[in-house]
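First the structure, in the form of structure tokens, and then the observations on it.
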Amino acid sequence: MFDLPPLLRYNETRFLRILTDSLNKEKSPMDQKPNVLPLRMEDVSYQYEPDARPAVSHVTLEVERGSFVAVLGHNGSGKSTLMRIMSGVFRANAGETEYNGKNVWENDRVKSQVVYLSDDWYFFPHDTLRETADFYASVYKNFSYERFETLTEKFGLDPQRKVNTFSKGMTKQASVILAVSCDTQYI
């Protein structure tokens, strides 16, 4: 078996690799505070069932502001579960997930700055894209209708069309438009 240093190994066949790269070398005042990173996960683990194999096991991660993070791994390696923990959708069974020193779980203020862009995004079945945007605006106070309108026009999506009539590709475009329009610090 070969060894890859930044690899998290759950067993001989399950791998999860987290790559980070800084996109912005400028430091903000928050970055100057000792021991406070924009995103920090400490020894995070998650199991769906008490006796099941861990979906995420002892992940420790620190991400600086302005970084790009890629989570890579085989099917079933825990990528989506890790992202759900990062966004506060799931609560880790063990460990801490913090943004700017504040725990994400049950913290609406932190969650308002994080949007989880799922590969299987749920839309209300009979809503138009505009009605869906209105729902997101009720959750994300910084929602940008200007950005939403610009992006729907550029992608050629009709905001008055019901989302359940969109093709799979159009649905993916709509999910990206909505996530970007939420104007959060983290996607």
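Quick note on naming: the chains in the structure tokens go A, B, ... in the order shown, residues restart at 1 in each chain, and ligands are numbered from 1 in order of appearance.
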Got a sec to tell me which of region 82-168 of chain A DSSP assigns to strand (DSSP E), as number ranges by chain? A: 94-99, 102-103
Write out as a ChimeraX atom specification the set of residues from region 45-107 of chain A that DSSP, computed on the backbone, places in helix (DSSP H, G or I). /A:79-86
Hey, can you spit out that residue selection with N, CA and C atoms as an mmCIF file, in the first residue's frame?
```cif
data_model
loop_
_atom_site.group_PDB
_atom_site.id
_atom_site.type_symbol
_atom_site.label_atom_id
_atom_site.label_comp_id
_atom_site.auth_asym_id
_atom_site.auth_seq_id
_atom_site.Cartn_x
_atom_site.Cartn_y
_atom_site.Cartn_z
ATOM 1 N N LYS A 79 -17.272 12.528 1.650
ATOM 2 C CA LYS A 79 -17.172 13.901 1.144
ATOM 3 C C LYS A 79 -18.422 14.720 1.434
ATOM 4 N N SER A 80 -19.576 14.217 1.033
ATOM 5 C CA SER A 80 -20.830 14.956 1.243
ATOM 6 C C SER A 80 -21.147 15.099 2.719
ATOM 7 N N THR A 81 -20.889 14.078 3.488
ATOM 8 C CA THR A 81 -21.124 14.136 4.930
ATOM 9 C C THR A 81 -20.254 15.221 5.552
ATOM 10 N N LEU A 82 -18.987 15.270 5.151
ATOM 11 C CA LEU A 82 -18.073 16.296 5.669
ATOM 12 C C LEU A 82 -18.580 17.692 5.320
ATOM 13 N N MET A 83 -19.059 17.882 4.087
ATOM 14 C CA MET A 83 -19.573 19.185 3.667
ATOM 15 C C MET A 83 -20.837 19.553 4.449
ATOM 16 N N ARG A 84 -21.675 18.578 4.743
ATOM 17 C CA ARG A 84 -22.880 18.845 5.539
ATOM 18 C C ARG A 84 -22.508 19.238 6.964
ATOM 19 N N ILE A 85 -21.466 18.645 7.506
ATOM 20 C CA ILE A 85 -20.990 19.038 8.841
ATOM 21 C C ILE A 85 -20.429 20.455 8.780
ATOM 22 N N MET A 86 -19.634 20.748 7.755
ATOM 23 C CA MET A 86 -19.055 22.086 7.602
ATOM 24 C C MET A 86 -20.128 23.162 7.536
#
```
Pick out the residues sitting within 10 Å of Ala174 (chain A), and hand them over as a PyMOL selection string; count only C-alpha atoms, and ignore anything fewer than 5 positions along from it in its own chain. chain A and resi 121+123+129+132-133+148+151-152+155+157+159+163+166+168-169+179-180
Atoms to include: N, CA and C atoms. Write the selected residues as a PDB file, in the first residue's frame.
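To be explicit, this is the file written out as again22.pdb:
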```pdb
ATOM      1  N   TRP A 121     -29.803  19.081  -5.024  1.00  0.00           N
ATOM      2  CA  TRP A 121     -30.457  20.173  -4.341  1.00  0.00           C
ATOM      3  C   TRP A 121     -31.965  20.029  -4.400  1.00  0.00           C
ATOM      4  N   PHE A 123     -35.744  21.479  -4.396  1.00  0.00           N
ATOM      5  CA  PHE A 123     -36.554  22.643  -4.725  1.00  0.00           C
ATOM      6  C   PHE A 123     -38.001  22.336  -4.366  1.00  0.00           C
ATOM      7  N   LEU A 129     -38.570  29.663 -10.139  1.00  0.00           N
ATOM      8  CA  LEU A 129     -37.212  29.985  -9.693  1.00  0.00           C
ATOM      9  C   LEU A 129     -37.228  31.275  -8.873  1.00  0.00           C
ATOM     10  N   THR A 132     -38.434  30.533  -5.431  1.00  0.00           N
ATOM     11  CA  THR A 132     -37.355  29.870  -4.706  1.00  0.00           C
ATOM     12  C   THR A 132     -36.341  30.906  -4.231  1.00  0.00           C
ATOM     13  N   ALA A 133     -36.040  31.881  -5.079  1.00  0.00           N
ATOM     14  CA  ALA A 133     -35.139  32.964  -4.691  1.00  0.00           C
ATOM     15  C   ALA A 133     -35.718  33.743  -3.509  1.00  0.00           C
ATOM     16  N   PHE A 148     -28.858  37.706  -8.687  1.00  0.00           N
ATOM     17  CA  PHE A 148     -29.769  36.658  -9.144  1.00  0.00           C
ATOM     18  C   PHE A 148     -30.297  36.970 -10.545  1.00  0.00           C
ATOM     19  N   LEU A 151     -27.475  36.777 -13.224  1.00  0.00           N
ATOM     20  CA  LEU A 151     -27.065  35.401 -13.523  1.00  0.00           C
ATOM     21  C   LEU A 151     -28.158  34.613 -14.251  1.00  0.00           C
ATOM     22  N   THR A 152     -29.423  34.801 -13.869  1.00  0.00           N
ATOM     23  CA  THR A 152     -30.484  34.081 -14.588  1.00  0.00           C
ATOM     24  C   THR A 152     -30.533  34.530 -16.049  1.00  0.00           C
ATOM     25  N   PHE A 155     -27.452  32.967 -17.841  1.00  0.00           N
ATOM     26  CA  PHE A 155     -27.614  31.522 -18.039  1.00  0.00           C
ATOM     27  C   PHE A 155     -28.842  31.200 -18.888  1.00  0.00           C
ATOM     28  N   LEU A 157     -32.048  31.421 -17.959  1.00  0.00           N
ATOM     29  CA  LEU A 157     -33.113  30.778 -17.189  1.00  0.00           C
ATOM     30  C   LEU A 157     -34.228  31.782 -16.920  1.00  0.00           C
ATOM     31  N   PRO A 159     -36.868  33.201 -14.649  1.00  0.00           N
ATOM     32  CA  PRO A 159     -37.195  33.163 -13.223  1.00  0.00           C
ATOM     33  C   PRO A 159     -38.670  32.870 -12.942  1.00  0.00           C
ATOM     34  N   VAL A 163     -39.533  25.423 -11.362  1.00  0.00           N
ATOM     35  CA  VAL A 163     -38.264  24.702 -11.330  1.00  0.00           C
ATOM     36  C   VAL A 163     -38.445  23.234 -11.702  1.00  0.00           C
ATOM     37  N   PHE A 166     -37.560  22.302 -15.247  1.00  0.00           N
ATOM     38  CA  PHE A 166     -36.183  22.466 -15.713  1.00  0.00           C
ATOM     39  C   PHE A 166     -35.557  21.102 -16.013  1.00  0.00           C
ATOM     40  N   LYS A 168     -32.170  18.605 -16.010  1.00  0.00           N
ATOM     41  CA  LYS A 168     -31.191  18.353 -14.950  1.00  0.00           C
ATOM     42  C   LYS A 168     -30.092  19.425 -14.965  1.00  0.00           C
ATOM     43  N   GLY A 169     -29.608  19.761 -16.154  1.00  0.00           N
ATOM     44  CA  GLY A 169     -28.569  20.781 -16.276  1.00  0.00           C
ATOM     45  C   GLY A 169     -29.055  22.158 -15.838  1.00  0.00           C
ATOM     46  N   ALA A 179     -27.014  29.764  -4.870  1.00  0.00           N
ATOM     47  CA  ALA A 179     -25.927  29.747  -3.883  1.00  0.00           C
ATOM     48  C   ALA A 179     -25.089  31.014  -3.962  1.00  0.00           C
ATOM     49  N   VAL A 180     -24.723  31.407  -5.173  1.00  0.00           N
ATOM     50  CA  VAL A 180     -23.905  32.607  -5.356  1.00  0.00           C
ATOM     51  C   VAL A 180     -24.687  33.857  -4.959  1.00  0.00           C
TER      52      VAL A 180
END
```
Which is closest to Asp158 (chain A) among A:Thr128, A:Ser181, A:Asn142, A:Asn100, if we use only C-alpha atoms? A:Thr128
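We find CA of Tyr145 (chain A) and CA of Glu98 (chain A) to be spaced 28.7 Å apart.
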All residues 9 Å or closer to Gln185 (chain A), only C-alpha atoms, same chain fewer than 5 positions away omitted, as a PDB file with C-alpha atoms, in the first residue's frame:
```
ATOM      1  CA  SER A 112     -26.199  32.716   7.573  1.00  0.00           C
ATOM      2  CA  GLN A 113     -22.665  33.017   6.184  1.00  0.00           C
ATOM      3  CA  VAL A 114     -22.491  29.430   4.865  1.00  0.00           C
ATOM      4  CA  VAL A 115     -24.432  27.894   1.979  1.00  0.00           C
TER       5      VAL A 115
END
```
With only C-alpha atoms as the basis for distance, which of A:Asp134, A:Asp183, A:Tyr48, A:Ser175 is at the shortest distance from Ser118 (chain A)?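 The answer is A:Ser175, which sits nearest to Ser118 (chain A).
Distances from A:Asp119, A:Asp51, A:Glu42, A:Glu62 to Glu96 (chain A) were compared using only C-alpha atoms, and the smallest one belongs to A:Glu42.
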Using CA of Lys154 (chain A) and CA of Gly66 (chain A) as the two end points, give the distance in Å to one decimal. 25.8 Å
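Considering the residues A:Leu61, A:Leu178, A:Ala55, A:Ala92 and counting only C-alpha atoms, Tyr122 (chain A) has its shortest atom-to-atom contact with A:Leu178.
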